[in-house]
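Student: Can you keep this structure in mind? I'll have questions shortly.
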Amino acid sequence: MATQIAAPPRADPTEGRPLPSIIQGGMGAAVSSWRLASQVAQAGQLGVVSGIGLDMVLARRLQNGDKGGHVRRALAAFPSPAVAERALDEYFLPHGRDAAQPYAAVPKLAIEQTREAQELAILGNFVEVWLAKEGHSGLVGVNYLEKVQMATPAAAYGAMLAGVDYVLMGAGLPREIPRLLGQLVQHAAVAFPVDVAGAEPGRFSVSLDPVDLLGASLPELTRPRFLAIVSAHVLADYLARDEAIRPDGFVIEGPQAGGHNAPPRGKVVLDDAGQPQFGPRDYADLSKVAAIGLPFWLAGTYGTPERLVAAQAAGAVGVQVGTLFALSTDSNFDPAIREQLVAHVADGTLTVTTDLRASPTGFPFKVADLSGSLSDADVAAARPRLCDLGFLGIPFVKPNGEVDTRCSAEPERPFARKGGKPEDAAGRLCLCNALMANVGLGQTRATGYVERPLITLGADLEGPRRLAQLHPDGWTAPQALDWLLAPRTTEPVPSES
């Protein structure tokens with residue numbers, strides 16, 4: 001590896017500033033895009049971009065012609081011009097791709113990563129955060145999934161090069177992130193541990209050497225603050241005990257939050273509609289969280305002014321809110337999808353369910369019922385079963401000792417050949433391709449098949465319903481913030497007994 005360098009960190013831009021009352025949720029695969037995060041940050045709260053699949057997002061935006069020149073403007077600010085130029089040469093189509101033309105592939109996640117793969121991941125995260133921070137002094141964060149470990153080092157480094165202020169991570173126990181951020185702020189070479197099925201913990205890791213990739217003339221960085229997204233006070237307590245893995249704060253997420261959720265604790269009990277029932281044990285004991293002494297925010301059913309006040313009365317700094325912002329005109333949902341969702345919220349016909357089988361991660365996943373999406377069983381059945389993006393693939397050790405990845409949403413035979421169990425494949429949906437379709441970047445297959453969306457929102461739609469009454473033609477992110485921060489009375493906060 002190249003010689004490591006130590007650059008003194010820049011002054012922390014969050015130092016001396018009040019903690020945000022509102023964290024705008026990091027909603028997957030560019031729904032929480034730079035435009036949304038920028039609007040929230042400029043309004044004085046924490047705007048968050050989703051950090052999942054940003055290599056793919058960058059490549060597809062370039063292939064679509066980069067309307068407005070935003071991506072190219074950010075790439076022009078990247079500290080290694082040669083790296084940015086290689087991405088432009090590979091993916092930029094000045095006039096955009098033909099709608100019937102498939103998008104070019106990008107390198108899939110792997111333990112042993114190519115230079116091209118790491119450069120593209122760094123660039124994708126740099127671009128999204130740089131654009132979110134452009135032209136203002138507000139705070140911007142990036143959200144990652146602990147389950148997607150192979151992507152984390154390059155993604156986090158790209159975000160740090162753009163000056164990201166906060167890193168948030170859920171979908172697992174993110175014990176390695178404080179150490180990683182401390183290394184990357186020095187541009188140090190890292191070996192980030194990766195969980196591999198069939199291997200002892202610590203046997204495999206992803207290596208990243210910033211100096212080898214980008215050269216020694218690198219800018220001084222600021223270590224971002226790290227917020228761990230957890231569902232239980234015992235997990236928060238575990239992380240806080242050891243300085244090496246201690247975050248700077250927590251987002252305590254309840255089971256009604258959108259996206260991936262923690263599975264019900266204890267035996268899963270289904271109601272008459274087949275929905276899992278959540279009880280007191282599925283909510284953190286907030287008094288125990290507060291006793292840890294680190295700042296925390298509450299998420300899941302906190303998208304109203306009353307719930308913000310209640311959260312703060314329970315000791316929280318504030319709340320993390322996703323659905324209100326996902327349905328705002330500043331989010332990056334395909335406009336036709338957003339219009340349908342808002343219309344169904346307004347007339348009371350939108351339903352959001354907890355699907356225990358949809359996500360290849362094995363975590364429960366919130367799914368909004370929307371015509372034409374994969375929530376429709378007939379639409380899902382018509383999709384060719386394939387896996388060509390692989391963000392949620394699970395690495396495993398083959399009999400010859402090499403590492404491969406498998407995904408329970410891939411075709412059943414290859415999945416079985418890789419050691420997957422047939423029962424694990426039943427009912428799985430390809431989230432990777434569907435989430436790209438949510439934001440207008442869905443793949444067009446050579447057969448003519450166009451990937452369909454799959455929408456995730458929080459189960460509590462009270463806030464969006466009330467905003468739809470105030471703003472029948474749609475609302476912006478600043479309008480959602482103004483409404484949330486209006487004074488109200490408190491409501492009880494669920495807490496584990």
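In the structure tokens, chains take the letters A, B, ... in the order shown, each chain's residues start at 1, and ligands count up from 1 in the order shown.
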Within 10 Å of Ser373 (chain A), counting only C-alpha atoms, which residues show up once you throw out same-chain ones fewer than 3 positions away? Write them as a list in words, please.

Tutor: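 So the residues in contact are Ile337, Ala368, Asp369, Leu370, Asp376, Ala377, Asp378, Val379, Ala380, Ala434, Ala437, Asn438, Glu451, Arg452, Pro453, Leu454 and Ile455 of chain A.
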
Student: What are the DSSP alpha helix (DSSP H) residues of region 302-392 of chain A, as a PyMOL selection string?

Tutor: chain A and resi 305-313+323-326+335-346+377-382

Student: Counting only C-alpha atoms, which residues of region 116-219 of chain A sit at most 12 Å from some atom of region 249-262 of chain A, and what is each one's closest atom pair with its distance in Å to one decimal, listed by chain and rising residue number, as a tab-separated table?

Tutor:
```
residue	atom	partner	partner_atom	distance
A:Asn143	CA	A:Val251	CA	11.6
A:Leu145	CA	A:His260	CA	9.6
A:Glu146	CA	A:His260	CA	11.5
A:Lys147	CA	A:His260	CA	10.8
A:Tyr166	CA	A:Gly249	CA	10.5
A:Val167	CA	A:Gly249	CA	10.6
A:Leu168	CA	A:Val251	CA	8.4
A:Met169	CA	A:Val251	CA	9.1
A:Gly170	CA	A:Val251	CA	8.8
A:Ala171	CA	A:His260	CA	6.8
A:Gly172	CA	A:Ala262	CA	8.7
A:Leu173	CA	A:Ala262	CA	11.1
A:Pro174	CA	A:Phe250	CA	11.2
A:Pro178	CA	A:Gly249	CA	11.4
```

Student: Which is closest to Ala74 (chain A) among A:Trp130, A:Trp34, A:Phe192, A:Tyr103, if we use only C-alpha atoms?

Tutor: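 For Ala74 (chain A), the nearest of the candidates is A:Trp130.
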
Student: Rank A:Leu161, A:Leu298, A:Met27, A:Leu131 by their smallest atom-to-atom distance to Leu227 (chain A), using only C-alpha atoms, and report the top residue only.

Tutor: A:Leu298

Student: With a cut-off of 12 Å, could you pull out the residues of region 201-243 of chain A touching region 287-297 of chain A and give me the nearest pair of atoms for each, distance in Å to one decimal, using only C-alpha atoms, ordered by chain and ascending number, as JSON lines?

Tutor:
```
{"residue": "A:Arg225", "atom": "CA", "partner": "A:Pro295", "partner_atom": "CA", "distance": 11.6}
{"residue": "A:Phe226", "atom": "CA", "partner": "A:Pro295", "partner_atom": "CA", "distance": 11.2}
{"residue": "A:Leu227", "atom": "CA", "partner": "A:Phe296", "partner_atom": "CA", "distance": 8.4}
{"residue": "A:Ala228", "atom": "CA", "partner": "A:Phe296", "partner_atom": "CA", "distance": 9.4}
{"residue": "A:Ile229", "atom": "CA", "partner": "A:Trp297", "partner_atom": "CA", "distance": 9.3}
{"residue": "A:Val230", "atom": "CA", "partner": "A:Phe296", "partner_atom": "CA", "distance": 10.4}
{"residue": "A:Ser231", "atom": "CA", "partner": "A:Val289", "partner_atom": "CA", "distance": 10.7}
{"residue": "A:Ala232", "atom": "CA", "partner": "A:Val289", "partner_atom": "CA", "distance": 8.6}
{"residue": "A:His233", "atom": "CA", "partner": "A:Val289", "partner_atom": "CA", "distance": 5.4}
{"residue": "A:Val234", "atom": "CA", "partner": "A:Val289", "partner_atom": "CA", "distance": 8.4}
{"residue": "A:Leu235", "atom": "CA", "partner": "A:Val289", "partner_atom": "CA", "distance": 9.6}
{"residue": "A:Ala236", "atom": "CA", "partner": "A:Val289", "partner_atom": "CA", "distance": 7.0}
{"residue": "A:Asp237", "atom": "CA", "partner": "A:Ile292", "partner_atom": "CA", "distance": 6.6}
{"residue": "A:Tyr238", "atom": "CA", "partner": "A:Ile292", "partner_atom": "CA", "distance": 10.0}
{"residue": "A:Leu239", "atom": "CA", "partner": "A:Ile292", "partner_atom": "CA", "distance": 10.1}
{"residue": "A:Ala240", "atom": "CA", "partner": "A:Ile292", "partner_atom": "CA", "distance": 7.2}
{"residue": "A:Arg241", "atom": "CA", "partner": "A:Ile292", "partner_atom": "CA", "distance": 8.9}
```

Student: Name the closest residue to Pro153 (chain A) among the candidates A:Arg179, A:Lys421, A:Lys398, A:Arg357; distances are taken between atoms, counting only C-alpha atoms.

Tutor: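 Among the listed residues, the smallest separation from Pro153 (chain A) belongs to A:Arg179.
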
Student: From region 179-360 of chain A, collect each residue whose DSSP state is strand (DSSP E or B) and return the set as JSON, numbers by chain.

Tutor: {"A": [190, 191, 192, 193, 197, 205, 206, 207, 208, 225, 226, 227, 228, 229, 230, 249, 250, 251, 252, 253, 260, 270, 276, 296, 297, 298, 299, 318, 319, 320, 321, 352, 353, 354, 355]}

Student: Could you check which of A:Val196, A:Ala30, A:Gly202, A:Gly463 is closest to Glu402 (chain A), using only C-alpha atoms?

Tutor: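 The shortest atom-to-atom distance to Glu402 (chain A) comes from A:Val196.
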
Student: Between A:Gly182, A:Pro210, A:Gly124, A:Pro464, single out the one closest to Gly348 (chain A), counting only C-alpha atoms.

Tutor: A:Pro464

Student: Got a sec: who's within 10 Å of Val106 (chain A), counting only C-alpha atoms, leaving out chain neighbours fewer than 3 positions off, as a ChimeraX atom specification?

Tutor: /A:55-56,59-60,91,103,109,116-117,120-121,388-389

Student: Might you pull out every residue within 12 Å of Val164 (chain A), with only C-alpha atoms counted and same-chain residues fewer than 2 positions away left off, and present them as a ChimeraX atom specification?

Tutor: /A:12-14,34,37,41,46-49,51,125-134,137-143,155-162,166-168,181,185,221-226

Student: Write a file of the just-selected residues containing C-alpha atoms, as a short mmCIF file (atom, residue, chain, number, x, y, z; two decimals), in the first residue's frame.

Tutor:
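Saved result, part-v3.cif, follows:
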```
data_model
loop_
_atom_site.label_atom_id
_atom_site.label_comp_id
_atom_site.auth_asym_id
_atom_site.auth_seq_id
_atom_site.Cartn_x
_atom_site.Cartn_y
_atom_site.Cartn_z
CA ASP A 12 -15.61 21.01 13.17
CA PRO A 13 -18.43 23.04 11.54
CA THR A 14 -20.93 21.52 13.99
CA TRP A 34 -29.11 16.40 -2.64
CA ALA A 37 -31.12 17.62 1.93
CA ALA A 41 -30.15 22.19 5.73
CA LEU A 46 -30.15 18.37 9.42
CA GLY A 47 -30.61 17.44 5.77
CA VAL A 48 -29.59 13.87 4.98
CA VAL A 49 -28.79 12.19 1.66
CA GLY A 51 -25.70 6.92 0.68
CA ASN A 125 -20.89 10.02 -2.49
CA PHE A 126 -18.77 13.11 -3.06
CA VAL A 127 -21.15 14.43 -5.71
CA GLU A 128 -24.31 13.91 -3.64
CA VAL A 129 -22.92 15.52 -0.48
CA TRP A 130 -21.13 18.34 -2.35
CA LEU A 131 -24.33 19.33 -4.13
CA ALA A 132 -26.32 19.12 -0.88
CA LYS A 133 -23.85 21.51 0.79
CA GLU A 134 -23.37 23.86 -2.14
CA SER A 137 -23.57 26.79 5.65
CA GLY A 138 -26.26 24.37 6.84
CA LEU A 139 -25.55 20.87 8.11
CA VAL A 140 -25.74 17.81 5.85
CA GLY A 141 -25.57 14.15 6.78
CA VAL A 142 -25.38 10.86 4.90
CA ASN A 143 -27.24 7.66 5.76
CA ALA A 155 -18.71 5.62 0.36
CA ALA A 156 -17.85 7.25 3.68
CA TYR A 157 -14.56 8.58 2.34
CA GLY A 158 -16.27 10.19 -0.64
CA ALA A 159 -18.79 11.87 1.64
CA MET A 160 -15.99 13.12 3.92
CA LEU A 161 -14.11 14.60 0.97
CA ALA A 162 -17.24 16.68 0.32
CA TYR A 166 -22.98 13.72 10.09
CA VAL A 167 -22.93 10.01 9.26
CA LEU A 168 -25.97 7.96 10.26
CA LEU A 181 -14.14 7.71 10.51
CA VAL A 185 -10.10 11.75 8.51
CA LEU A 221 -10.87 16.70 6.40
CA THR A 222 -13.27 17.06 9.30
CA ARG A 223 -14.39 13.99 11.20
CA PRO A 224 -18.19 13.92 10.89
CA ARG A 225 -20.33 13.23 13.91
CA PHE A 226 -21.75 9.73 13.96
#
```

Student: List as a PDB file with N, CA and C atoms, in the first residue's frame the protein and nucleic acid residues near Ala100 (chain A), meaning an atom at most 10 Å away when only C-alpha atoms are counted, but skip any in the same chain fewer than 3 places from it.

Tutor:
```pdb
ATOM      1  N   ARG A  97     -29.144   8.939 -23.006  1.00  0.00           N
ATOM      2  CA  ARG A  97     -29.400   7.637 -23.624  1.00  0.00           C
ATOM      3  C   ARG A  97     -30.801   7.583 -24.197  1.00  0.00           C
ATOM      4  N   TYR A 103     -29.105   0.831 -19.327  1.00  0.00           N
ATOM      5  CA  TYR A 103     -27.995   1.510 -18.682  1.00  0.00           C
ATOM      6  C   TYR A 103     -26.771   0.602 -18.657  1.00  0.00           C
ATOM      7  N   GLN A 443     -33.865   0.265 -14.653  1.00  0.00           N
ATOM      8  CA  GLN A 443     -33.223  -0.346 -15.817  1.00  0.00           C
ATOM      9  C   GLN A 443     -34.244  -0.732 -16.878  1.00  0.00           C
ATOM     10  N   THR A 444     -33.864  -0.559 -18.140  1.00  0.00           N
ATOM     11  CA  THR A 444     -34.615  -1.089 -19.280  1.00  0.00           C
ATOM     12  C   THR A 444     -33.858  -2.308 -19.789  1.00  0.00           C
ATOM     13  N   ARG A 445     -34.517  -3.450 -19.802  1.00  0.00           N
ATOM     14  CA  ARG A 445     -33.865  -4.692 -20.216  1.00  0.00           C
ATOM     15  C   ARG A 445     -33.844  -4.808 -21.750  1.00  0.00           C
ATOM     16  N   ALA A 446     -32.916  -5.630 -22.224  1.00  0.00           N
ATOM     17  CA  ALA A 446     -32.822  -5.875 -23.668  1.00  0.00           C
ATOM     18  C   ALA A 446     -34.118  -6.473 -24.210  1.00  0.00           C
ATOM     19  N   THR A 447     -34.865  -7.156 -23.338  1.00  0.00           N
ATOM     20  CA  THR A 447     -36.145  -7.738 -23.740  1.00  0.00           C
ATOM     21  C   THR A 447     -37.251  -6.704 -23.844  1.00  0.00           C
ATOM     22  N   GLY A 448     -36.977  -5.482 -23.371  1.00  0.00           N
ATOM     23  CA  GLY A 448     -37.994  -4.446 -23.345  1.00  0.00           C
ATOM     24  C   GLY A 448     -38.640  -4.262 -21.987  1.00  0.00           C
ATOM     25  N   TYR A 449     -38.365  -5.191 -21.052  1.00  0.00           N
ATOM     26  CA  TYR A 449     -38.938  -5.068 -19.717  1.00  0.00           C
ATOM     27  C   TYR A 449     -38.304  -3.875 -18.999  1.00  0.00           C
ATOM     28  N   VAL A 450     -39.143  -3.063 -18.368  1.00  0.00           N
ATOM     29  CA  VAL A 450     -38.684  -1.905 -17.599  1.00  0.00           C
ATOM     30  C   VAL A 450     -38.942  -2.182 -16.120  1.00  0.00           C
TER      31      VAL A 450
END
```

Student: Excluding Val403 (chain A) and residues on its chain fewer than 4 positions from it, collect all residues at most 10 Å away from it, counting only C-alpha atoms, and give them as JSON, numbers by chain.

Tutor: {"A": [110, 111, 112, 196, 197, 198, 199, 204, 395, 396, 397, 398, 399]}

Student: If you keep C-alpha atoms, can you produce a file of those selected residues as a compact mmCIF listing (two decimals), in the first residue's frame?

Tutor:
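Okay, this is what ended up in result28.txt:
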```txt
# COMPACT_ATOMS: atom_id res chain seq x y z
CA ALA A 110 -17.01 -7.41 -3.67
CA ILE A 111 -14.43 -8.05 -0.96
CA GLU A 112 -11.60 -7.52 -3.43
CA VAL A 196 -18.83 -13.30 5.65
CA ALA A 197 -21.11 -16.31 6.03
CA GLY A 198 -19.11 -19.41 6.87
CA ALA A 199 -16.04 -17.49 8.06
CA PHE A 204 -12.18 -10.83 5.82
CA PRO A 395 -20.84 -12.51 1.05
CA PHE A 396 -20.10 -16.16 1.78
CA VAL A 397 -17.13 -18.53 1.63
CA LYS A 398 -17.16 -21.07 -1.19
CA PRO A 399 -15.74 -24.58 -0.65
```

Student: Select, from A:Ser408, A:Ser331, A:Thr301, A:Gln183, the residue with the minimum atom-to-atom distance to Pro478 (chain A), counting only C-alpha atoms.

Tutor: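 Among the listed residues, A:Ser331 lies closest to Pro478 (chain A).
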
Student: Can you tell me which residues surround region 305-321 of chain A at a distance of at most 8 Å, considering only C-alpha atoms, apart from same-chain residues fewer than 2 positions away, and format the answer as a VMD selection string?

Tutor: chain A and resid 19 to 25 251 286 to 287 290 295 to 303 323 to 325 483 to 493

Student: Kindly give the distance, in Å, that separates CA of Gly474 (chain A) and CA of Gln340 (chain A), rounded to a single decimal.

Tutor: 11.4 Å

Student: To one decimal place, how far is CA of Ala43 (chain A) from CA of Ile177 (chain A) in Å?

Tutor: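 Between CA of Ala43 (chain A) and CA of Ile177 (chain A) the gap is 28.2 Å.
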